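Novice: Okay, handing you the structure first.
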Amino acid sequence: MSPSTASTDLPASIREPVVEFVDIQKSFFGVPVLKGVSFRVEGGRILGLVGENGAGKSTLMNLLGGNLQPDAGELRVEGRRYAPRDPKDARASGIAFVHQELNLFSNLSLADNLFLSDFPLVEPRRARFPPPEAPGGQNRGHAPQRALESKSGWRRRLRLPWIDRQTLHARATELLQQVGLDYPPQTLVERLSTGERQLVEIAKALSADARVIILDEPTTSLSFRECERLFALMNRLRSRGLALIYISHALGDILRLCDDLVVLRDGEKVGGGTAVEFNHERLVSMMVGRQLSQLYPNRIQPSAGNSVRSDADGTDLNPPPAEPSTPVLEVRSVSRPGAVRDVSFSLAAGEVLGVAGLMGAGRSELARILFGLDPHASGEIRLLGRRLEGNPRQRIRRGIAFLTEDRRHEGLCLEASVAENMALVTLARHCRTPVRWLDSAGIGSAVRRMREAVRLSPTVLESQSVRTLSGGNQQKVVLGKWLLAEPRVLILDEPTRGIDVGAKFEIYQLIHHRADQGAGILLISSEIEELMGICDRILVMCQGAIAGEFQRPEFDRERILAVALHPSKQ
Amino acid sequence: MSARPRHWIQSLLDSAPAALFAVVLIVFGLWSDRFLTVANLTQILNQSAATAIVATGMTFVLLTAGVDLSVGAVMFVGAGLAGKMALAGQPLALCLCVMAGVGLLIGALNALLITRLKLVAFIATLATLYIGRGTGRWITQTRAINLPDAFLALGSARWLGVPLPLWIAGLVILSAHLVLSNTPFGRQIYALGNNPEAARKAGLRTHQLLAAVYVICGFCAGLGGILALAQLGAVSPKFGELYEFDAITAAVLGGTSLFGGRGRVFPGTVLGAVLLKSIFNGLVIVQADPYLYPLITSGIVFLAVLLDSARQWIRAGS
C-alpha cells in the first residue's frame with residue numbers, strides 16, 4: 001500500500017505525470033478563485049484534493065474536465081498542452097469526471113448509459129456474422145473497440161448508425177464486472193441504489209478508456225459497505241496504472257486511501273506531498289489556515305437555567321421553557337412494513353439523540369414517519385404528551401422540524417433567494433389579518449436576525465439565489481429556516497453531508513444551542529465520529545429496528561459499528 | 001442487493017392503453033354490428049394513418065420534454081401551397097415534395113427559435129402555429145381548394161391489397177421506431193429528455209439533438225399533411241386544425257411522457273392514434289350526438305394526461 005511499491009512494479013512511462021497544472025488562474029466576475037495553482041498527478045496513484053468549500057477544488061476540476069477554461073496558466077496531459085473546450089474534449093483526452101450529483105439517465109439501461117456517446121456500431125460487411133468475441137465476455141472489453149478504431153476512415157463513415165447490441169452488451173457486461181456490479185446490461189438504471197449508480201459512473205469512465213478519473217465527493221450518499229466497495233475498486237484501478245483524483249471532506253478516507261495530497265485554501269495550494277507526511281490534525285489546520293483546537297464543540301450538559309451559553313451568539317430566540325429531561329417526543333412501537341419495525345424511544349428536552357446505522361437501516365424512513373411524510377401502520381407518537389398526528393403542515397405547527405438529507409431538492413427552493421428560503425416555513429406568522437397581507441418588514445428583520453444566528457457568510461446577500469451558495473451556507477439557510485419556527489423537536493438527517501470542517505463546527509454549535517434552549521434533537525448521521533462528538537445518547541438502527549443504545553460514557557466506534565452491522569452480537 | 005421490483009401499479013398503468021383499446025373494440029362491437037367488420041377496421045386504420053405519422057414526429061419532441069404546437073399549421077401551409085401549385089398545373093410529385101419541404105422548413109424554424117434564441121418550446125411553436133395559420137390563409141385566401149383527382153387517387157390506391165396511406169404510415173413508424181430504439185441518435189434523445197444537464201456533461205451535442213427533433217416533427221407533419229390531403233381531396237380553411245392535440249393525445253395515450261424521456265413509437269404512439277380514431281369512428285357508427293364529440297375528446301385528453309401523471313407519481317414514489 002505504500003506509494004513507492006505501488007509505482008515500482010509499473011512501467012516507467014506511467015510514473016510520468018499524467019496531468020500537470022501549471023500556474024492555473026481563474027476568476028469569476030473579477031473575484032479570483034484560483035490564484036496560480038501548480039501540481040502534478042501521476043499514474044498509478046491516488047491524489048487527494050482537500051480544502052474547505054470554496055477553496056477552489058471544484059473550479060480546478062471543472063477546468064480539467066473541460067467545463068471551464070483557465071484565465072492564465074496551462075494544463076498538460078502527458079506532457080502535451082491540453083486545452084479542452086468542452087467535456088467531450090476532456091473525454092477524448094482520457095479524462096473522466098465522476099460528479100457529486102450523478103449524471104446517469106435513469107430511463108436508460110446500464111449498457112446505454114455506459115456507451116451513450118460512443119455506441120459500438122454494426123460493421124457493414126460483418127453485420128451478418130456474429131462477432132468473434134460475442135457473448136462469453138472473457139476477452140478484454142476494449143478489444144473490439146480497438147478493432148473498430150483501426151478501421152480505415154471511409155468504412156467508419158459508411159457505417160450505418162446502427163447499434164451493435166451484441167457487442168454493446170458484451171462490453172457492458174465486462175465493464176460492469178470490472179466494477180463489481182452483477183446486473184444484466186439491460187437493467188434500467190432507475191432500479192439501482194445510489195451506491196450502485198456510483199459504480200456505474202466509474203464503469204462509464206472506464207468505458208471511455210480514461211487514464212485520469214476525477215471523483216468529486218463520491219461517498220456522500222454511500223453506505224459504509226458501499227464505500228468499502230468503492231475504495232476496493234479505486235485500489236484496483238490504481239494498480240492498473242490509472243491516475244485518480246479524489247475529492248472528499250471525509251479526511252479519514254483521504255488519509256487511508258490516497259498516495260499524494262494537495263491542500264487548497266482560498267484558491268492557493270497551501271500544502272502537498274505524499275500522504276504519509278500528513279495526519280488528521282495537520283490536514284485540518286492547513287485547510288482552515290488556523291489551528292482548530294477541536295472538531296466538535298464542548299457542551300455544557302443541559303440543566304435548568306442553563307439555556308444561555310458562554311459562546312452563544314447573543315440572539316434571543318425566546319425558547320419555550322421546558323424542563324430538562326421531560327420527554328418532548330415519545331415513540332412507541334412504531335412500525336411501517338418494509339421500513340421500520342417496532343421502534344420505541346423517547347427524546348428528552350435539551351437532549352441530542354443520535355441515530356446511527358447503515359444506509360437502508362430505516363433511519364430516514366423513521367424521520368419521514370415522525371414528520372408525517374409517510375404513514376405508519378402501528379404504534380404511537382406523542383409530542384409533549386399529546387398524540388402527534390396529521391400531515392407535515394399540522395406537525396410543523398405542533399413544533400416539529402425536519403432537515404432532510406437532500407438539501408438541494410428537498411430542503412431548498414434553489415432559484416429562490418436566501419430570504420425567501422429562510423422565511424418559507426414561518427410565512428404564516430408574518431401575515432397581517434384580515435387579508436393575510438405579508439409583512440415584509442417583519443420577515444426581513446426575522447431573516448436578518450437568523451442569518452446572524454446561523455452565521456451565514458457575510459458576503460452572502462439575502463436576495464441571492466441559494467443555488468449559488470456553497471454547501472455549508474446552503475445548509476445554514478435550511479437550518480435557519482427551521483430554527484425560525486422555534487421547533488420543540490428538530491430532526492436532522494445528515495446535516496453536515498458534503499460540508500467543510502469549519503461550517504460543520506458551526507452547525508454543531510447551532511444544534512447544541514437549540515438543544516440548550518429546550519428542544520429535543522434527533523440527529524441522523526452516517527459519521528459515527530460526528531454522533532460521538534455531539535450527541536448525549538446514540539440509538540443504533542439495523543434493518544428497520546433499534547438494535548442498540550449507547551449512553552455517552554459508553555460511546556465506542558467499534559461497538560456501535562458492530563451493532564449496526566450485526567445486531568445479534570450486541 | 002437486488003434491483004427493485006417493478007411496481008405492480010406501474011405495470012397496470014403501462015398496459016392501460018391496450019386495455020382501453022380492448023374496451024373500445026368490445027363496447028362499439030356490441031353496440032353496432034357494423035363496427036367490427038374488416039372494411040370498417042381497415043377504414044379506422046386508414047383514418048389513423050395521418051394522425052399516427054404526425055404523432056410519431058410529436059413523440060420525438062415529447063421525448064425531449066418539449067412540445068410542438070405547429071404541426072397542424074404545417075399541414076395547412078403545405079396543403080395550401082400544394083393545392084395552388086396543383087391548380088396551376090404543376091406535377092403531383094413536385095407538390096408532394098413542397099409539402100414535405102414546408103414541414104422541414106417550419107421544423108427548422110422551430111429548432112432555430114428553441115436552440116438559438118432559447119425560446120420555450122411551447123411559446124416558440126405557438127408562434128409558428130399562428131404564423132403558419134396566417135400564411136396558409138393568405139395563400140388560400142380562406143377559400144376551399146378542390147384538388148385534381150390525382151391527389152384522391154393517391155389516397156385510395158392500394159398495393160398488395162393494402163391502402164397506400166397504410167404503407168406510408170407503416171414505413172414512417174418502422175423507421176422512427178428503429179431510429180429511436182437502435183441508433184445512437186435515438187438513445188441520446190431519451191437521455192436528453194431524462195436529464196438535459198447530464199446529457200450536456202456527457203458530451204452529447206444537445207443543441208443538434210434538440211434541433212433534429214423539431215425538424216423531424218415538422219417533416220412528419222408535412223407527410224401527415226400529404227396523407228390527410230390525399231384522403232380529403234380538398235383544402236379547407238380548417239385543414240389540419242387541432243391536429244397538434246390529436247397528435248399529443250395519441251402519443252401520451254400510448255405512454256409517451258410529457259415530462260420527457262419515456263415513450264415509444266411502436267406500439268405506444270401508434271396504438272394511441274388508432275385508439276383515438278376508433279373512438280371517433282365508433283361514435284359516428286352509433287350515431288352519437290355530434291355535440292358530444294368535444295366533451296369526449298377532452299375526456300380522452302384528460303385521461304391521457306392523468307395516466308402520464310400517475311406513472312410519474314409511481315416512479316417518484318418507488
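Residue numbers start at 1 in each chain; chains themselves are named A, B, ... in the order of the C-alpha cells; ligands are numbered from 1 in the order shown.
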Skip range 435-452 of chain A itself and residues of its chain fewer than 3 positions away, then list as a ChimeraX atom specification all residues within 8 Å of it, counting only C-alpha atoms.
Specialist: /A:315,419,422-423,427,430-432,455-456,477,480,483-484
Novice: Go ahead and save the residues from that selection, with all heavy atoms, as an mmCIF file, in the first residue's frame.
Specialist:
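Wrote it out as result-v5.cif, contents follow:
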data_model
loop_
_atom_site.group_PDB
_atom_site.id
_atom_site.type_symbol
_atom_site.label_atom_id
_atom_site.label_comp_id
_atom_site.auth_asym_id
_atom_site.auth_seq_id
_atom_site.Cartn_x
_atom_site.Cartn_y
_atom_site.Cartn_z
ATOM 1 N N THR A 315 -28.180 35.980 20.296
ATOM 2 C CA THR A 315 -29.521 36.195 19.795
ATOM 3 C C THR A 315 -30.512 35.499 20.713
ATOM 4 O O THR A 315 -30.297 34.388 21.146
ATOM 5 C CB THR A 315 -29.689 35.616 18.384
ATOM 6 O OG1 THR A 315 -28.837 34.508 18.277
ATOM 7 C CG2 THR A 315 -29.410 36.635 17.341
ATOM 8 N N ALA A 419 -33.436 34.912 1.581
ATOM 9 C CA ALA A 419 -34.507 35.384 2.454
ATOM 10 C C ALA A 419 -35.787 34.596 2.230
ATOM 11 O O ALA A 419 -36.454 34.173 3.179
ATOM 12 C CB ALA A 419 -34.756 36.874 2.211
ATOM 13 N N MET A 422 -35.477 31.171 3.788
ATOM 14 C CA MET A 422 -35.492 31.178 5.250
ATOM 15 C C MET A 422 -36.875 31.441 5.803
ATOM 16 O O MET A 422 -37.272 30.883 6.822
ATOM 17 C CB MET A 422 -34.536 32.264 5.757
ATOM 18 C CG MET A 422 -33.131 31.762 5.936
ATOM 19 S SD MET A 422 -32.324 32.820 7.135
ATOM 20 C CE MET A 422 -30.679 32.165 7.087
ATOM 21 N N ALA A 423 -37.632 32.280 5.112
ATOM 22 C CA ALA A 423 -38.929 32.680 5.651
ATOM 23 C C ALA A 423 -40.023 31.664 5.334
ATOM 24 O O ALA A 423 -41.134 31.763 5.863
ATOM 25 C CB ALA A 423 -39.312 34.043 5.079
ATOM 26 N N LEU A 427 -43.853 31.810 7.161
ATOM 27 C CA LEU A 427 -44.578 32.881 6.455
ATOM 28 C C LEU A 427 -45.897 33.205 7.133
ATOM 29 O O LEU A 427 -46.256 34.374 7.279
ATOM 30 C CB LEU A 427 -44.860 32.461 5.017
ATOM 31 C CG LEU A 427 -43.783 32.765 3.994
ATOM 32 C CD1 LEU A 427 -44.282 32.413 2.606
ATOM 33 C CD2 LEU A 427 -43.391 34.227 4.048
ATOM 34 N N HIS A 430 -46.138 35.849 9.663
ATOM 35 C CA HIS A 430 -45.911 37.237 9.270
ATOM 36 C C HIS A 430 -47.044 37.749 8.405
ATOM 37 O O HIS A 430 -46.852 38.614 7.571
ATOM 38 C CB HIS A 430 -44.585 37.351 8.525
ATOM 39 C CG HIS A 430 -43.414 37.022 9.389
ATOM 40 N ND1 HIS A 430 -42.968 37.838 10.392
ATOM 41 C CD2 HIS A 430 -42.609 35.945 9.416
ATOM 42 C CE1 HIS A 430 -41.936 37.284 10.991
ATOM 43 N NE2 HIS A 430 -41.693 36.128 10.424
ATOM 44 N N CYS A 431 -48.206 37.168 8.600
ATOM 45 C CA CYS A 431 -49.350 37.615 7.829
ATOM 46 C C CYS A 431 -50.177 38.567 8.662
ATOM 47 O O CYS A 431 -50.424 38.330 9.829
ATOM 48 C CB CYS A 431 -50.220 36.428 7.423
ATOM 49 S SG CYS A 431 -49.480 35.459 6.148
ATOM 50 N N ARG A 432 -50.606 39.648 8.013
ATOM 51 C CA ARG A 432 -51.440 40.599 8.729
ATOM 52 C C ARG A 432 -52.893 40.295 8.422
ATOM 53 O O ARG A 432 -53.278 40.203 7.265
ATOM 54 C CB ARG A 432 -51.120 42.015 8.251
ATOM 55 C CG ARG A 432 -49.870 42.568 8.877
ATOM 56 C CD ARG A 432 -49.776 44.031 8.505
ATOM 57 N NE ARG A 432 -48.404 44.477 8.682
ATOM 58 C CZ ARG A 432 -47.828 45.363 7.899
ATOM 59 N NH1 ARG A 432 -48.485 45.866 6.883
ATOM 60 N NH2 ARG A 432 -46.595 45.736 8.131
ATOM 61 N N ARG A 455 -24.828 32.361 11.473
ATOM 62 C CA ARG A 455 -23.511 32.783 10.978
ATOM 63 C C ARG A 455 -23.331 32.498 9.497
ATOM 64 O O ARG A 455 -22.344 31.898 9.067
ATOM 65 C CB ARG A 455 -22.396 32.092 11.771
ATOM 66 C CG ARG A 455 -22.377 32.589 13.197
ATOM 67 C CD ARG A 455 -21.298 31.945 13.976
ATOM 68 N NE ARG A 455 -21.727 31.836 15.359
ATOM 69 C CZ ARG A 455 -21.131 31.063 16.246
ATOM 70 N NH1 ARG A 455 -20.102 30.336 15.895
ATOM 71 N NH2 ARG A 455 -21.563 31.037 17.466
ATOM 72 N N LEU A 456 -24.302 32.928 8.752
ATOM 73 C CA LEU A 456 -24.195 32.873 7.306
ATOM 74 C C LEU A 456 -23.053 33.780 6.893
ATOM 75 O O LEU A 456 -22.869 34.847 7.475
ATOM 76 C CB LEU A 456 -25.521 33.361 6.705
ATOM 77 C CG LEU A 456 -25.898 32.873 5.319
ATOM 78 C CD1 LEU A 456 -25.965 31.356 5.295
ATOM 79 C CD2 LEU A 456 -27.247 33.440 4.941
ATOM 80 N N VAL A 477 -28.806 27.976 5.645
ATOM 81 C CA VAL A 477 -30.098 28.568 5.271
ATOM 82 C C VAL A 477 -31.233 27.622 5.663
ATOM 83 O O VAL A 477 -32.237 28.029 6.252
ATOM 84 C CB VAL A 477 -30.151 28.874 3.752
ATOM 85 C CG1 VAL A 477 -31.553 29.273 3.331
ATOM 86 C CG2 VAL A 477 -29.171 29.978 3.412
ATOM 87 N N GLY A 480 -31.553 27.607 9.357
ATOM 88 C CA GLY A 480 -32.138 28.870 9.790
ATOM 89 C C GLY A 480 -33.639 28.891 9.569
ATOM 90 O O GLY A 480 -34.405 29.365 10.417
ATOM 91 N N LEU A 483 -35.056 26.870 12.362
ATOM 92 C CA LEU A 483 -34.882 27.493 13.674
ATOM 93 C C LEU A 483 -35.839 28.655 13.850
ATOM 94 O O LEU A 483 -36.297 28.938 14.959
ATOM 95 C CB LEU A 483 -33.434 27.953 13.851
ATOM 96 C CG LEU A 483 -32.415 26.815 13.992
ATOM 97 C CD1 LEU A 483 -31.010 27.366 14.138
ATOM 98 C CD2 LEU A 483 -32.770 25.920 15.165
ATOM 99 N N LEU A 484 -36.176 29.340 12.762
ATOM 100 C CA LEU A 484 -37.144 30.434 12.858
ATOM 101 C C LEU A 484 -38.484 29.926 13.372
ATOM 102 O O LEU A 484 -39.234 30.655 14.005
ATOM 103 C CB LEU A 484 -37.337 31.088 11.487
ATOM 104 C CG LEU A 484 -36.377 32.221 11.131
ATOM 105 C CD1 LEU A 484 -36.638 32.683 9.711
ATOM 106 C CD2 LEU A 484 -36.525 33.386 12.095
#
Novice: Kindly provide the residues of chain B that approach chain A to within 8 Å, each paired with its closest atom pair and their distance in Å to one decimal, based on only C-alpha atoms, listed by chain and increasing number, as a tab-separated table.
Specialist:
residue	atom	partner	partner_atom	distance
B:Ala3	CA	A:Arg191	CA	5.2
B:Arg4	CA	A:Arg191	CA	5.1
B:Pro5	CA	A:Arg191	CA	7.6
B:Asn182	CA	A:Ile163	CA	5.5
B:Thr183	CA	A:Trp162	CA	4.9
B:Pro184	CA	A:Phe119	CA	6.2
B:Arg187	CA	A:Asp112	CA	7.2
B:Gln188	CA	A:Leu116	CA	6.6
B:Tyr190	CA	A:Leu108	CA	7.4
B:Ala191	CA	A:Phe105	CA	5.7
B:Asn194	CA	A:Phe105	CA	6.0
B:Asn195	CA	A:Phe105	CA	6.5
B:Ala198	CA	A:Asn103	CA	4.8
B:Ala199	CA	A:Asn103	CA	7.8
B:Lys201	CA	A:Pro87	CA	6.1
B:Ala202	CA	A:Pro87	CA	6.9
B:Gly203	CA	A:Lys88	CA	4.5
B:Leu204	CA	A:Ser117	CA	6.4
B:Gly261	CA	A:Asn107	CA	6.6
B:Arg262	CA	A:Asn107	CA	7.0
Novice: Fewer than 4 positions away in the same chain doesn't count, so skip those; otherwise give me all residues within 12 Å of Asn473 in chain A, counting only C-alpha atoms, as a PyMOL selection string.
Specialist: chain A and resi 53-54+407-408+412+418+422+451+454-462+464-469+477-480+495-496+498-500+502-504+506-507
Novice: Which polymer residues have any atom within 12 Å of an atom of Gly299 in chain B, counting only C-alpha atoms, with same-chain residues fewer than 4 positions away left out, as a list in words?
Specialist: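 Listing them by chain and then by number gives Thr249, Leu253, Leu276, Ile279, Leu292, Tyr293, Pro294, Leu295, Leu303, Ala304, Val305 and Leu306 of chain B.
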Novice: Show which residues sit within 8 Å of Val24 in chain B, as an mmCIF file with all heavy atoms, in the first residue's frame. Count only C-alpha atoms, and ignore same-chain residues fewer than 3 positions away.
Specialist:
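As written to disk, selection-v3.cif reads:
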data_model
loop_
_atom_site.group_PDB
_atom_site.id
_atom_site.type_symbol
_atom_site.label_atom_id
_atom_site.label_comp_id
_atom_site.auth_asym_id
_atom_site.auth_seq_id
_atom_site.Cartn_x
_atom_site.Cartn_y
_atom_site.Cartn_z
ATOM 1 N N LEU B 20 -57.686 -0.216 -22.662
ATOM 2 C CA LEU B 20 -58.689 0.748 -23.113
ATOM 3 C C LEU B 20 -59.108 0.441 -24.548
ATOM 4 O O LEU B 20 -60.290 0.495 -24.896
ATOM 5 C CB LEU B 20 -58.069 2.148 -23.034
ATOM 6 C CG LEU B 20 -59.025 3.316 -22.933
ATOM 7 C CD1 LEU B 20 -59.882 3.193 -21.699
ATOM 8 C CD2 LEU B 20 -58.240 4.620 -22.926
ATOM 9 N N PHE B 21 -58.120 0.081 -25.358
ATOM 10 C CA PHE B 21 -58.369 -0.254 -26.757
ATOM 11 C C PHE B 21 -59.314 -1.455 -26.831
ATOM 12 O O PHE B 21 -60.299 -1.440 -27.575
ATOM 13 C CB PHE B 21 -57.037 -0.563 -27.434
ATOM 14 C CG PHE B 21 -57.132 -0.683 -28.924
ATOM 15 C CD1 PHE B 21 -57.852 0.243 -29.665
ATOM 16 C CD2 PHE B 21 -56.484 -1.716 -29.578
ATOM 17 C CE1 PHE B 21 -57.931 0.134 -31.041
ATOM 18 C CE2 PHE B 21 -56.563 -1.828 -30.957
ATOM 19 C CZ PHE B 21 -57.288 -0.906 -31.692
ATOM 20 N N VAL B 27 -66.964 -2.576 -26.651
ATOM 21 C CA VAL B 27 -68.167 -1.770 -26.455
ATOM 22 C C VAL B 27 -68.819 -1.422 -27.787
ATOM 23 O O VAL B 27 -70.005 -1.693 -28.003
ATOM 24 C CB VAL B 27 -67.847 -0.492 -25.652
ATOM 25 C CG1 VAL B 27 -69.008 0.491 -25.724
ATOM 26 C CG2 VAL B 27 -67.522 -0.849 -24.222
ATOM 27 N N PHE B 28 -68.031 -0.872 -28.714
ATOM 28 C CA PHE B 28 -68.623 -0.484 -30.002
ATOM 29 C C PHE B 28 -69.032 -1.716 -30.802
ATOM 30 O O PHE B 28 -70.009 -1.686 -31.546
ATOM 31 C CB PHE B 28 -67.652 0.385 -30.807
ATOM 32 C CG PHE B 28 -67.586 1.796 -30.290
ATOM 33 C CD1 PHE B 28 -66.392 2.335 -29.858
ATOM 34 C CD2 PHE B 28 -68.728 2.588 -30.249
ATOM 35 C CE1 PHE B 28 -66.326 3.628 -29.387
ATOM 36 C CE2 PHE B 28 -68.671 3.890 -29.770
ATOM 37 C CZ PHE B 28 -67.473 4.413 -29.340
ATOM 38 N N LEU B 275 -56.401 4.094 -31.329
ATOM 39 C CA LEU B 275 -57.414 4.154 -30.275
ATOM 40 C C LEU B 275 -58.288 5.399 -30.425
ATOM 41 O O LEU B 275 -59.515 5.339 -30.373
ATOM 42 C CB LEU B 275 -56.714 4.138 -28.914
ATOM 43 C CG LEU B 275 -57.556 4.322 -27.648
ATOM 44 C CD1 LEU B 275 -58.641 3.257 -27.573
ATOM 45 C CD2 LEU B 275 -56.684 4.239 -26.407
ATOM 46 N N SER B 278 -60.463 5.041 -33.430
ATOM 47 C CA SER B 278 -61.515 4.033 -33.221
ATOM 48 C C SER B 278 -62.680 4.654 -32.481
ATOM 49 O O SER B 278 -63.851 4.394 -32.789
ATOM 50 C CB SER B 278 -60.996 2.864 -32.388
ATOM 51 O OG SER B 278 -59.834 2.357 -32.929
ATOM 52 N N ILE B 279 -62.358 5.455 -31.497
ATOM 53 C CA ILE B 279 -63.423 6.069 -30.705
ATOM 54 C C ILE B 279 -64.291 6.960 -31.586
ATOM 55 O O ILE B 279 -65.526 6.871 -31.571
ATOM 56 C CB ILE B 279 -62.829 6.850 -29.523
ATOM 57 C CG1 ILE B 279 -62.153 5.881 -28.554
ATOM 58 C CG2 ILE B 279 -63.913 7.644 -28.807
ATOM 59 C CD1 ILE B 279 -61.358 6.537 -27.458
#
Novice: Per DSSP on the backbone, what are the strand (DSSP E) residues of range 482-527 of chain A, as an NGL selection string?
Specialist: :A and (489-493 or 520-524)
Novice: Restrict the selected residues to N, CA and C atoms and save them as a short mmCIF file (atom, residue, chain, number, x, y, z; two decimals), in the first residue's frame.
Specialist:
data_model
loop_
_atom_site.label_atom_id
_atom_site.label_comp_id
_atom_site.auth_asym_id
_atom_site.auth_seq_id
_atom_site.Cartn_x
_atom_site.Cartn_y
_atom_site.Cartn_z
N VAL A 489 -39.01 19.80 18.57
CA VAL A 489 -38.24 18.63 18.16
C VAL A 489 -37.64 18.94 16.80
N LEU A 490 -36.33 18.85 16.72
CA LEU A 490 -35.64 19.14 15.47
C LEU A 490 -35.02 17.84 14.98
N ILE A 491 -35.51 17.36 13.85
CA ILE A 491 -34.97 16.14 13.27
C ILE A 491 -33.98 16.54 12.18
N LEU A 492 -32.77 16.06 12.29
CA LEU A 492 -31.73 16.43 11.33
C LEU A 492 -31.23 15.16 10.66
N ASP A 493 -31.37 15.09 9.35
CA ASP A 493 -30.91 13.91 8.61
C ASP A 493 -29.65 14.30 7.84
N GLY A 520 -35.68 19.05 21.72
CA GLY A 520 -35.09 17.73 21.59
C GLY A 520 -34.54 17.60 20.18
N ILE A 521 -33.33 17.08 20.05
CA ILE A 521 -32.72 16.97 18.72
C ILE A 521 -32.57 15.50 18.38
N LEU A 522 -33.06 15.13 17.21
CA LEU A 522 -32.85 13.77 16.72
C LEU A 522 -31.89 13.90 15.54
N LEU A 523 -30.68 13.38 15.71
CA LEU A 523 -29.64 13.60 14.71
C LEU A 523 -29.28 12.29 14.02
N ILE A 524 -29.59 12.22 12.74
CA ILE A 524 -29.24 11.03 11.96
C ILE A 524 -27.93 11.31 11.24
#
Novice: Would you mind listing what lies within 7 Å of range 124-132 of chain B as a PDB file with N, CA and C atoms, in the first residue's frame, with only C-alpha atoms counted and same-chain residues fewer than 3 positions away left out?
Specialist:
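Saved as part.pdb:
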ATOM      1  N   ASP B  68     -44.571  20.468 -29.724  1.00  0.00           N
ATOM      2  CA  ASP B  68     -44.642  21.179 -30.991  1.00  0.00           C
ATOM      3  C   ASP B  68     -46.103  21.416 -31.319  1.00  0.00           C
ATOM      4  N   LEU B  69     -46.533  22.667 -31.155  1.00  0.00           N
ATOM      5  CA  LEU B  69     -47.933  23.001 -31.405  1.00  0.00           C
ATOM      6  C   LEU B  69     -48.178  23.357 -32.861  1.00  0.00           C
ATOM      7  N   SER B  70     -47.115  23.423 -33.661  1.00  0.00           N
ATOM      8  CA  SER B  70     -47.267  23.981 -35.003  1.00  0.00           C
ATOM      9  C   SER B  70     -47.603  22.940 -36.057  1.00  0.00           C
ATOM     10  N   ALA B  73     -50.589  23.590 -38.307  1.00  0.00           N
ATOM     11  CA  ALA B  73     -50.334  24.731 -39.175  1.00  0.00           C
ATOM     12  C   ALA B  73     -49.413  24.339 -40.317  1.00  0.00           C
ATOM     13  N   VAL B  74     -48.431  23.489 -40.014  1.00  0.00           N
ATOM     14  CA  VAL B  74     -47.528  22.992 -41.050  1.00  0.00           C
ATOM     15  C   VAL B  74     -48.355  22.300 -42.146  1.00  0.00           C
ATOM     16  N   VAL B  77     -50.288  25.010 -44.275  1.00  0.00           N
ATOM     17  CA  VAL B  77     -49.462  25.779 -45.205  1.00  0.00           C
ATOM     18  C   VAL B  77     -49.061  24.891 -46.380  1.00  0.00           C
ATOM     19  N   ASN B 110     -38.657  26.268 -36.002  1.00  0.00           N
ATOM     20  CA  ASN B 110     -38.880  25.944 -34.590  1.00  0.00           C
ATOM     21  C   ASN B 110     -37.555  25.645 -33.896  1.00  0.00           C
ATOM     22  N   LEU B 113     -35.615  28.794 -33.267  1.00  0.00           N
ATOM     23  CA  LEU B 113     -36.171  29.598 -32.171  1.00  0.00           C
ATOM     24  C   LEU B 113     -35.825  28.969 -30.820  1.00  0.00           C
ATOM     25  N   ILE B 114     -35.860  27.650 -30.769  1.00  0.00           N
ATOM     26  CA  ILE B 114     -35.707  26.976 -29.484  1.00  0.00           C
ATOM     27  C   ILE B 114     -34.240  26.826 -29.084  1.00  0.00           C
ATOM     28  N   LEU B 119     -36.010  30.149 -26.912  1.00  0.00           N
ATOM     29  CA  LEU B 119     -37.414  30.307 -26.549  1.00  0.00           C
ATOM     30  C   LEU B 119     -37.927  28.998 -25.969  1.00  0.00           C
ATOM     31  N   VAL B 120     -38.905  29.104 -25.092  1.00  0.00           N
ATOM     32  CA  VAL B 120     -39.559  27.906 -24.578  1.00  0.00           C
ATOM     33  C   VAL B 120     -40.329  27.272 -25.733  1.00  0.00           C
ATOM     34  N   ALA B 121     -40.254  25.957 -25.834  1.00  0.00           N
ATOM     35  CA  ALA B 121     -40.850  25.265 -26.981  1.00  0.00           C
ATOM     36  C   ALA B 121     -42.327  25.614 -27.133  1.00  0.00           C
ATOM     37  N   THR B 135     -50.191  32.389 -42.743  1.00  0.00           N
ATOM     38  CA  THR B 135     -49.642  32.216 -44.081  1.00  0.00           C
ATOM     39  C   THR B 135     -50.590  31.360 -44.929  1.00  0.00           C
ATOM     40  N   GLY B 136     -51.092  30.289 -44.313  1.00  0.00           N
ATOM     41  CA  GLY B 136     -51.976  29.398 -45.044  1.00  0.00           C
ATOM     42  C   GLY B 136     -53.222  30.125 -45.521  1.00  0.00           C
TER      43      GLY B 136
END
Novice: Please provide the set of residues having any atom within 6 Å of range 47-49 of chain B, restricted to only C-alpha atoms, with same-chain residues fewer than 5 positions apart removed, written as a PyMOL selection string.
Specialist: chain B and resi 169+273-274+277
